[in-house]
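Pasting input.cif here (mmCIF, C-alpha atoms and all ligand atoms):
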data_coords
loop_
_atom_site.label_atom_id
_atom_site.label_comp_id
_atom_site.auth_asym_id
_atom_site.auth_seq_id
_atom_site.Cartn_x
_atom_site.Cartn_y
_atom_site.Cartn_z
CA PHE A 1175 100.22 67.68 103.24
CA ASP A 1176 99.90 63.89 102.99
CA ASP A 1177 96.33 63.68 101.69
CA ARG A 1178 96.56 64.62 98.04
CA ASP A 1179 97.04 63.16 94.60
CA GLY A 1180 100.46 62.72 93.09
CA TRP A 1181 103.45 60.39 93.01
CA ILE A 1182 106.44 60.13 95.31
CA TRP A 1183 109.61 58.24 94.49
CA PHE A 1184 110.16 55.90 97.45
CA ASP A 1185 113.14 53.51 97.57
CA GLY A 1186 113.24 53.05 93.83
CA ALA A 1187 109.57 53.08 92.82
CA LEU A 1188 106.97 55.78 92.20
CA VAL A 1189 104.18 55.26 94.74
CA PRO A 1190 100.88 57.13 95.19
CA TRP A 1191 101.37 60.25 97.39
CA ARG A 1192 99.08 58.97 100.20
CA GLU A 1193 100.94 55.67 100.46
CA ALA A 1194 104.46 57.08 100.89
CA ARG A 1195 104.70 56.28 104.63
CA PRO A 1196 107.71 55.23 106.70
CA HIS A 1197 107.15 53.25 109.94
CA VAL A 1198 106.59 55.18 113.23
CA LEU A 1199 109.60 53.42 114.72
CA SER A 1200 111.94 54.86 112.08
CA HIS A 1201 115.28 55.86 113.56
CA GLY A 1202 115.18 59.05 111.49
CA LEU A 1203 112.03 60.17 113.31
CA HIS A 1204 113.28 59.41 116.83
CA TYR A 1205 116.94 60.39 116.55
CA ALA A 1206 117.00 62.84 113.60
CA SER A 1207 119.15 60.54 111.48
CA ALA A 1208 117.79 62.19 108.35
CA VAL A 1209 119.27 64.44 105.67
CA PHE A 1210 117.43 66.20 102.92
CA GLU A 1211 117.63 68.61 100.02
CA GLY A 1212 115.54 71.43 98.62
CA GLU A 1213 115.72 71.88 94.86
CA ARG A 1214 113.79 73.85 92.33
CA ALA A 1215 112.80 73.17 88.75
CA TYR A 1216 112.06 75.99 86.34
CA ALA A 1217 110.00 75.67 83.20
CA GLY A 1218 112.44 75.93 80.32
CA PRO A 1219 112.59 75.19 76.61
CA GLY A 1220 112.73 71.40 77.08
CA GLY A 1221 110.34 71.12 80.06
CA GLY A 1222 111.13 71.48 83.76
CA ARG A 1223 114.86 71.86 84.44
CA ILE A 1224 116.21 71.40 87.97
CA PHE A 1225 118.67 74.15 88.77
CA ALA A 1226 122.08 72.88 89.98
CA LEU A 1227 120.69 69.33 90.22
CA ARG A 1228 124.06 67.58 90.52
CA ALA A 1229 125.28 70.02 93.20
CA HIS A 1230 122.17 69.27 95.29
CA THR A 1231 122.54 65.53 94.78
CA GLU A 1232 126.18 65.67 95.82
CA ARG A 1233 125.32 67.71 98.92
CA LEU A 1234 122.68 65.11 99.82
CA LEU A 1235 125.24 62.31 99.54
CA ALA A 1236 127.77 64.35 101.53
CA SER A 1237 125.18 65.13 104.23
CA GLY A 1238 124.56 61.38 104.59
CA ARG A 1239 128.28 60.71 104.95
CA LEU A 1240 128.51 63.46 107.59
CA LEU A 1241 125.79 61.63 109.54
CA GLY A 1242 127.68 58.36 109.13
CA PHE A 1243 125.62 56.66 106.44
CA GLY A 1244 125.86 55.98 102.75
CA ILE A 1245 122.77 56.51 100.62
CA PRO A 1246 122.36 53.33 98.54
CA TRP A 1247 121.91 55.19 95.23
CA ASP A 1248 124.60 56.92 93.21
CA ALA A 1249 124.40 60.52 91.98
CA ALA A 1250 123.25 59.59 88.47
CA ALA A 1251 120.40 57.43 89.85
CA ILE A 1252 119.29 60.18 92.25
CA ASP A 1253 119.35 62.80 89.48
CA ALA A 1254 117.27 60.51 87.26
CA ALA A 1255 114.81 59.86 90.12
CA CYS A 1256 114.34 63.63 90.66
CA GLU A 1257 113.57 64.06 86.98
CA ALA A 1258 111.19 61.10 87.02
CA VAL A 1259 109.26 62.63 89.93
CA LEU A 1260 108.83 65.90 88.03
CA ALA A 1261 107.71 64.14 84.87
CA ARG A 1262 105.29 61.72 86.61
CA ASN A 1263 103.60 64.60 88.43
CA GLY A 1264 103.44 66.73 85.28
CA LEU A 1265 105.39 69.53 86.99
CA ARG A 1266 107.64 72.09 85.32
CA ASP A 1267 107.91 74.90 87.89
CA ALA A 1268 108.28 73.04 91.17
CA TYR A 1269 110.12 72.48 94.42
CA LEU A 1270 111.70 69.07 95.00
CA ARG A 1271 112.39 67.45 98.36
CA PRO A 1272 114.68 64.41 98.42
CA ILE A 1273 115.11 62.95 101.93
CA ALA A 1274 117.20 60.05 103.22
CA TRP A 1275 116.78 58.51 106.66
CA ARG A 1276 117.58 55.53 108.84
CA GLY A 1277 114.78 52.96 108.95
CA SER A 1278 113.02 50.97 111.67
CA GLU A 1279 115.16 47.79 111.95
CA GLN A 1280 116.65 49.06 115.22
CA ILE A 1281 115.34 51.63 117.66
CA ALA A 1282 118.19 52.74 119.88
CA VAL A 1283 120.91 55.35 119.60
CA SER A 1284 123.13 52.76 117.98
CA ALA A 1285 121.53 51.85 114.68
CA ARG A 1286 124.25 50.75 112.33
CA ALA A 1287 122.11 47.88 111.00
CA THR A 1288 119.29 50.13 109.85
CA ARG A 1289 118.39 50.33 106.20
CA ILE A 1290 118.83 53.74 104.58
CA HIS A 1291 115.72 54.92 102.78
CA LEU A 1292 115.42 57.60 100.12
CA ALA A 1293 112.25 59.38 99.04
CA ILE A 1294 111.73 62.27 96.62
CA ALA A 1295 108.62 64.43 96.46
CA ALA A 1296 107.86 67.47 94.31
CA TRP A 1297 105.14 70.10 94.43
CA GLU A 1298 104.33 73.59 93.25
CA TRP A 1299 105.71 76.17 95.68
CA PRO A 1300 106.18 79.62 94.16
CA ASN A 1301 108.37 81.15 96.91
CA LEU A 1302 109.34 80.56 100.54
CA PHE A 1303 107.93 83.93 101.61
CA GLY A 1304 104.88 84.07 99.32
CA ALA A 1305 103.44 87.55 98.88
CA ALA A 1306 105.75 89.09 101.52
CA ARG A 1307 108.67 88.66 99.13
CA ALA A 1308 107.50 91.44 96.81
CA ARG A 1309 107.73 94.14 99.48
CA GLY A 1310 110.75 92.65 101.26
CA VAL A 1311 110.72 90.46 104.35
CA ARG A 1312 111.01 91.43 108.00
CA LEU A 1313 113.47 89.52 110.18
CA ALA A 1314 113.51 89.23 113.98
CA MET A 1315 116.66 88.24 115.86
CA ALA A 1316 116.48 84.60 116.93
CA GLU A 1317 116.95 83.52 120.49
CA TRP A 1318 118.76 80.35 119.35
CA ARG A 1319 122.24 80.26 117.89
CA ARG A 1320 123.83 77.97 115.32
CA PRO A 1321 126.02 75.43 117.12
CA PRO A 1322 129.82 75.34 116.75
CA PRO A 1323 131.11 72.81 114.20
CA GLU A 1324 132.58 70.80 117.10
CA ALA A 1325 129.06 70.35 118.50
CA ALA A 1326 127.24 69.20 115.35
CA PRO A 1327 128.01 68.38 111.68
CA THR A 1328 126.95 71.90 110.66
CA ALA A 1329 127.88 71.45 106.99
CA ALA A 1330 125.21 68.77 106.59
CA LYS A 1331 121.68 69.64 105.56
CA ALA A 1332 120.44 67.49 108.40
CA ALA A 1333 116.95 67.38 109.90
CA GLY A 1334 118.29 67.88 113.44
CA HIS A 1335 119.58 71.37 112.64
CA TYR A 1336 116.04 72.53 111.94
CA MET A 1337 114.81 72.06 115.52
CA THR A 1338 116.04 75.51 116.56
CA GLY A 1339 115.13 76.85 113.11
CA THR A 1340 111.46 75.99 113.65
CA LEU A 1341 111.50 77.43 117.20
CA SER A 1342 113.07 80.64 115.89
CA LYS A 1343 110.77 80.95 112.90
CA HIS A 1344 107.68 80.47 115.08
CA ALA A 1345 108.89 83.14 117.53
CA ALA A 1346 109.55 85.55 114.63
CA GLU A 1347 106.10 84.92 113.14
CA GLU A 1348 104.46 85.46 116.52
CA ALA A 1349 106.25 88.82 116.65
CA GLY A 1350 104.74 89.73 113.25
CA CYS A 1351 107.92 89.07 111.22
CA ASP A 1352 108.51 86.75 108.28
CA ASP A 1353 111.63 84.96 109.49
CA ALA A 1354 114.35 84.92 112.12
CA LEU A 1355 117.99 85.87 111.73
CA MET A 1356 120.15 83.42 113.64
CA LEU A 1357 123.55 84.19 115.09
CA GLY A 1358 126.39 81.70 115.18
CA TRP A 1359 127.70 80.37 118.48
CA ARG A 1360 130.27 83.24 118.74
CA GLY A 1361 127.61 85.91 118.32
CA GLN A 1362 128.31 86.63 114.66
CA LEU A 1363 125.59 86.91 112.04
CA ALA A 1364 124.82 83.49 110.56
CA GLU A 1365 121.69 82.91 108.43
CA ALA A 1366 117.91 82.93 108.39
CA THR A 1367 116.08 79.69 109.21
CA GLY A 1368 116.11 78.51 105.59
CA ALA A 1369 118.20 81.02 103.64
CA ASN A 1370 121.60 82.74 103.67
CA LEU A 1371 122.20 86.44 104.41
CA PHE A 1372 123.87 89.16 102.33
CA LEU A 1373 124.45 92.81 103.23
CA VAL A 1374 125.45 95.66 100.90
CA ILE A 1375 127.96 97.91 102.64
CA ASP A 1376 129.59 100.78 100.69
CA GLY A 1377 128.69 99.17 97.35
CA ALA A 1378 130.26 95.79 98.22
CA LEU A 1379 128.50 92.55 99.02
CA HIS A 1380 129.24 91.14 102.48
CA THR A 1381 128.16 87.69 103.60
CA PRO A 1382 129.02 85.67 106.72
CA THR A 1383 131.61 82.89 106.36
CA PRO A 1384 129.61 79.62 106.47
CA ASP A 1385 131.68 77.93 109.19
CA CYS A 1386 128.75 76.86 111.38
CA PHE A 1387 125.77 76.89 109.00
CA LEU A 1388 124.80 75.82 105.50
CA ASP A 1389 126.88 77.13 102.59
CA GLY A 1390 123.91 77.52 100.24
CA ILE A 1391 124.07 76.59 96.59
CA THR A 1392 122.10 79.77 95.81
CA ARG A 1393 124.55 81.72 97.97
CA ARG A 1394 127.46 80.54 95.87
CA ALA A 1395 125.60 81.20 92.59
CA VAL A 1396 124.76 84.75 93.71
CA MET A 1397 128.36 85.44 94.78
CA ASP A 1398 129.43 84.34 91.33
CA LEU A 1399 126.82 86.54 89.62
CA ALA A 1400 127.96 89.53 91.71
CA ARG A 1401 131.61 88.99 90.73
CA ARG A 1402 130.60 88.86 87.06
CA ARG A 1403 129.01 92.26 87.61
CA ARG A 1404 132.30 93.39 89.18
CA ILE A 1405 130.62 93.86 92.54
CA ARG A 1406 133.17 93.17 95.26
CA VAL A 1407 132.22 90.12 97.34
CA VAL A 1408 133.51 89.86 100.90
CA GLU A 1409 133.01 86.67 102.88
CA ARG A 1410 133.88 87.31 106.51
CA ALA A 1411 132.78 87.24 110.14
CA ILE A 1412 130.13 89.95 110.57
CA MET A 1413 128.99 91.15 114.00
CA PRO A 1414 125.34 92.21 114.52
CA GLY A 1415 126.48 95.79 115.18
CA GLU A 1416 127.43 96.05 111.51
CA LEU A 1417 123.77 95.82 110.51
CA ALA A 1418 123.80 99.59 111.13
CA LEU A 1419 126.28 100.03 108.24
CA ALA A 1420 124.27 98.16 105.61
CA ASP A 1421 122.37 99.97 102.86
CA GLU A 1422 120.65 96.87 101.52
CA ALA A 1423 120.07 93.35 102.79
CA PHE A 1424 118.76 90.22 101.12
CA LEU A 1425 118.41 86.47 101.62
CA THR A 1426 119.27 83.66 99.22
CA GLY A 1427 118.07 80.08 99.02
CA THR A 1428 116.52 77.58 96.68
CA ALA A 1429 113.02 78.36 97.96
CA ALA A 1430 113.76 82.01 98.87
CA GLU A 1431 115.68 82.68 95.60
CA VAL A 1432 116.91 86.28 96.09
CA THR A 1433 114.53 87.90 98.57
CA PRO A 1434 114.95 91.53 99.65
CA VAL A 1435 114.95 92.20 103.39
CA ARG A 1436 113.18 95.37 104.50
CA GLU A 1437 113.74 95.10 108.22
CA ILE A 1438 116.11 93.38 110.64
CA ALA A 1439 115.30 93.69 114.36
CA GLY A 1440 113.50 97.01 113.82
CA ARG A 1441 116.10 98.54 111.47
CA ALA A 1442 114.76 99.38 107.98
CA TYR A 1443 116.41 98.64 104.63
CA ALA A 1444 115.25 99.60 101.15
CA PRO A 1445 115.77 97.10 98.32
CA GLY A 1446 118.39 98.94 96.26
CA ARG A 1447 120.15 98.58 92.96
CA ILE A 1448 122.45 95.70 93.91
CA THR A 1449 119.61 93.59 95.33
CA GLU A 1450 117.47 94.26 92.26
CA THR A 1451 120.31 93.50 89.85
CA LEU A 1452 121.07 90.18 91.55
CA MET A 1453 117.38 89.25 91.74
CA ALA A 1454 117.14 89.71 87.98
CA ASP A 1455 120.44 87.97 87.26
CA TYR A 1456 119.46 84.98 89.41
CA ALA A 1457 116.02 84.75 87.78
CA ALA A 1458 117.69 84.73 84.35
CA LEU A 1459 120.34 82.20 85.45
CA VAL A 1460 117.87 79.62 86.76
CA ARG A 1461 115.65 79.93 83.69
CA GLY A 1462 118.49 79.81 81.14
CA ALA A 1463 118.80 76.84 78.79
CA ASP A 1464 122.45 76.39 79.72
CA GLU A 1465 123.36 77.75 83.12
CA THR A 1466 126.92 78.78 82.41
CA ASP A 1467 126.81 79.88 78.79
CA ARG A 1468 123.63 81.87 79.11
CA ALA A 1469 124.87 83.66 82.22
CA ASP A 1470 128.18 84.45 80.54
CA GLN A 1471 126.52 85.90 77.45
CA ARG A 1472 123.98 87.86 79.43
CA VAL A 1473 126.38 89.33 81.95
CA ALA A 1474 128.93 90.18 79.25
CA ALA A 1475 126.23 92.14 77.44
CA VAL A 1476 125.50 94.41 80.39
CA ARG A 1477 127.86 96.96 81.76
CA PRO A 1478 128.71 96.66 85.46
CA PRO A 1479 127.06 99.27 87.67
CA SER A 1480 129.38 102.23 88.26
N1 LIG A 1501 120.39 77.77 105.21
C1 LIG A 1501 119.43 76.91 105.57
C2 LIG A 1501 119.24 76.58 107.01
C3 LIG A 1501 118.60 76.33 104.60
O1 LIG A 1501 117.64 75.48 104.94
C4 LIG A 1501 118.79 76.69 103.24
C5 LIG A 1501 117.90 76.09 102.18
N2 LIG A 1501 118.40 74.86 101.74
C6 LIG A 1501 119.81 77.59 102.92
C7 LIG A 1501 120.60 78.12 103.93
C8 LIG A 1501 120.09 77.96 101.49
O2 LIG A 1501 120.66 76.88 100.82
P1 LIG A 1501 120.44 76.65 99.26
O3 LIG A 1501 120.81 77.92 98.60
O4 LIG A 1501 121.39 75.55 98.92
O5 LIG A 1501 119.02 76.30 99.05
#
Represent the structure of the file as structure tokens.
Amino acid sequence: FDDRDGWIWFDGALVPWREARPHVLSHGLHYASAVFEGERAYAGPGGGRIFALRAHTERLLASGRLLGFGIPWDAAAIDAACEAVLARNGLRDAYLRPIAWRGSEQIAVSARATRIHLAIAAWEWPNLFGAARARGVRLAMAEWRRPPPEAAPTAAKAAGHYMTGTLSKHAAEEAGCDDALMLGWRGQLAEATGANLFLVIDGALHTPTPDCFLDGITRRAVMDLARRRRIRVVERAIMPGELALADEAFLTGTAAEVTPVREIAGRAYAPGRITETLMADYAALVRGADETDRADQRVAAVRPPS
């Protein structure tokens, strides 16, 4: 993915894509002192608009603080850099990847003197699951669990958390599935390797409490859209046995958007009315000229499902 044309924002300047290289002795590479974001821009009336840009930027800054470092750019500068990357690459519909990491001044566990770097790349990436999304994705149960919050800063979108995500995703793909469903350390349902989980049980939306995994920005937007539709939203601990009670299941995430799930560990689900309604509402929300006003007007104009 490094040998292509384009521009990457790197520590304050736009550099050619092929030249955006950190040193091999970067602390972030050896000790996972790296935090990142995944954002998406949608082509709108005035060009590409990054959905929930400030929320992503603030989560990036918070992730850095959770790993003990300050990113040497404020939120306004990071927002502007994300927009500059889109514009310089001529992108409107795109995925953006800001990443901050500890540099190569020191290579030991202790690295308080390292410089903090920030880079932002953007590229076209229609959906996390590609063509599989249309028919619904198949999930396998992961062998690895999300760690307890006492064992890792689980609220951070930190590179280190993705070690077991990659292992789990590879195992799921080898078993012919699209993704893995990970449990939390207590055995409760947690999330997929890059997206949050929702179940529809008796007409209500149930989603695991994010106490040991990422509380997705898409997750929160979808909960809000459901409430506007007067769909009851229940955030709680959910045991795997309750998968048998669900009528519909779907995943949410910046790259996954709202993706129907058609199978979890051999159990089949059909994308139903609630999944389809929220897919459409989310698509309209992210493409609206003004996130809040447009969503309010649109949702007010439609009657809630009975
Ligand atoms: N969980 C994990 C592990 C993720 O990588 C992502 C994608 N960032 C999510 C959940 C969904 O988060 P968001 O909706 O903020 O993209």
Open item on the list: Applying 9 Å and all atoms listed in the file, which residues near Arg1276 (chain A) remain after dropping the ones on its own chain fewer than 3 positions away? List them as a ChimeraX atom specification.
Closed with: /A:1200-1203,1206-1208,1243,1279,1285-1286,1288-1291
Open item on the list: Using all atoms listed in the file, which residues of the polymer chains come no farther than 8 Å from ligand LIG 1501 (chain A)? I'd like the answer as a ChimeraX atom specification.
Closed with: /A:1211-1213,1230,1331,1335-1336,1339,1365-1370,1387-1394,1426-1431
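Compared by their closest atoms to Ser1278 (chain A), and using all atoms listed in the file, the residues A:Met1453, A:Ala1229, A:Leu1313, A:Val1198 rank with A:Val1198 nearest.
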Task: Which of A:Ala1187, A:Val1311, A:Ile1182, A:Cys1351 sits closest to Ala1296 (chain A) [using all atoms listed in the file] - done: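 Among the listed residues, A:Ile1182 lies closest to Ala1296 (chain A).
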TODO: Could you check how far CA of Gly1462 (chain A) sits from CA of Gly1310 (chain A), in Å to one decimal?
DONE: 25.1 Å
Task: Shell of 8 Å around region 1258-1265 of chain A, only C-alpha atoms, local chain residues under 3 positions omitted, as a VMD selection string - done: chain A and resid 1180 to 1183 1188 1222 1254 to 1255 1268 1294 to 1298
Task: Two-atom distance - CA of Met1356 (chain A), CA of Leu1270 (chain A) (Å) - done: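 These atoms are spaced 25.0 Å apart.
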- [ ] May I ask which of the residues A:Thr1231, A:Thr1381, A:Ser1237, A:Ser1342 is the closest one to Val1396 (chain A), counting all atoms listed in the file?
- [x]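 The closest residue to Val1396 (chain A) is A:Thr1381.
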Env of Leu1373 (chain A): 7 Å cut, atoms = only C-alpha atoms, seq-sep filter 4 positions within chain, self excluded. Answer as an mmCIF file with C-alpha atoms, keeping the file's coordinate frame.
data_model
loop_
_atom_site.group_PDB
_atom_site.id
_atom_site.type_symbol
_atom_site.label_atom_id
_atom_site.label_comp_id
_atom_site.auth_asym_id
_atom_site.auth_seq_id
_atom_site.Cartn_x
_atom_site.Cartn_y
_atom_site.Cartn_z
ATOM 1 C CA LEU A 1379 128.500 92.550 99.020
ATOM 2 C CA HIS A 1380 129.240 91.140 102.480
ATOM 3 C CA THR A 1381 128.160 87.690 103.600
ATOM 4 C CA ALA A 1420 124.270 98.160 105.610
ATOM 5 C CA GLU A 1422 120.650 96.870 101.520
ATOM 6 C CA ALA A 1423 120.070 93.350 102.790
ATOM 7 C CA PHE A 1424 118.760 90.220 101.120
#
TODO: Have a look at A:Leu1227, A:Ile1281, A:Leu1234, A:Ala1442 and name the one nearest to Ala1333 (chain A); count only C-alpha atoms.
DONE: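 Among A:Leu1227, A:Ile1281, A:Leu1234, A:Ala1442, it is A:Leu1234 that comes nearest to Ala1333 (chain A).
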Task: Residues within 12 Å of Leu1417 (chain A), all atoms listed in the file, excluding chain neighbours under 3 positions, as a list in words - done: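 Answer for this query is Met1315, Leu1355, Gln1362, Leu1363, Leu1371, Phe1372, Leu1373, Val1374, Ile1375, His1380, Thr1381, Ile1412, Met1413, Pro1414, Ala1420, Asp1421, Glu1422, Ala1423, Val1435, Glu1437, Ile1438, Ala1439, Gly1440, Arg1441, Ala1442 and Tyr1443 of chain A.
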TODO: Work out how far CA of Ala1330 (chain A) is from CA of Pro1196 (chain A), in Å to one decimal.
DONE: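 Between CA of Pro1196 (chain A) and CA of Ala1330 (chain A) the gap works out to 22.1 Å.
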TODO: Find, counting only C-alpha atoms, the residue in A:Arg1228, A:Ala1354, A:Leu1399, A:Ala1418 that gets nearest to Asp1376 (chain A).
DONE: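 Among A:Arg1228, A:Ala1354, A:Leu1399, A:Ala1418, it is A:Ala1418 that comes nearest to Asp1376 (chain A).
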Open item on the list: Taking all atoms listed in the file into account, name the residue in A:Ala1329, A:Ala1305, A:Ala1316, A:Ala1395 that is nearest to Thr1433 (chain A).
Closed with: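 The answer is A:Ala1305, which sits nearest to Thr1433 (chain A).
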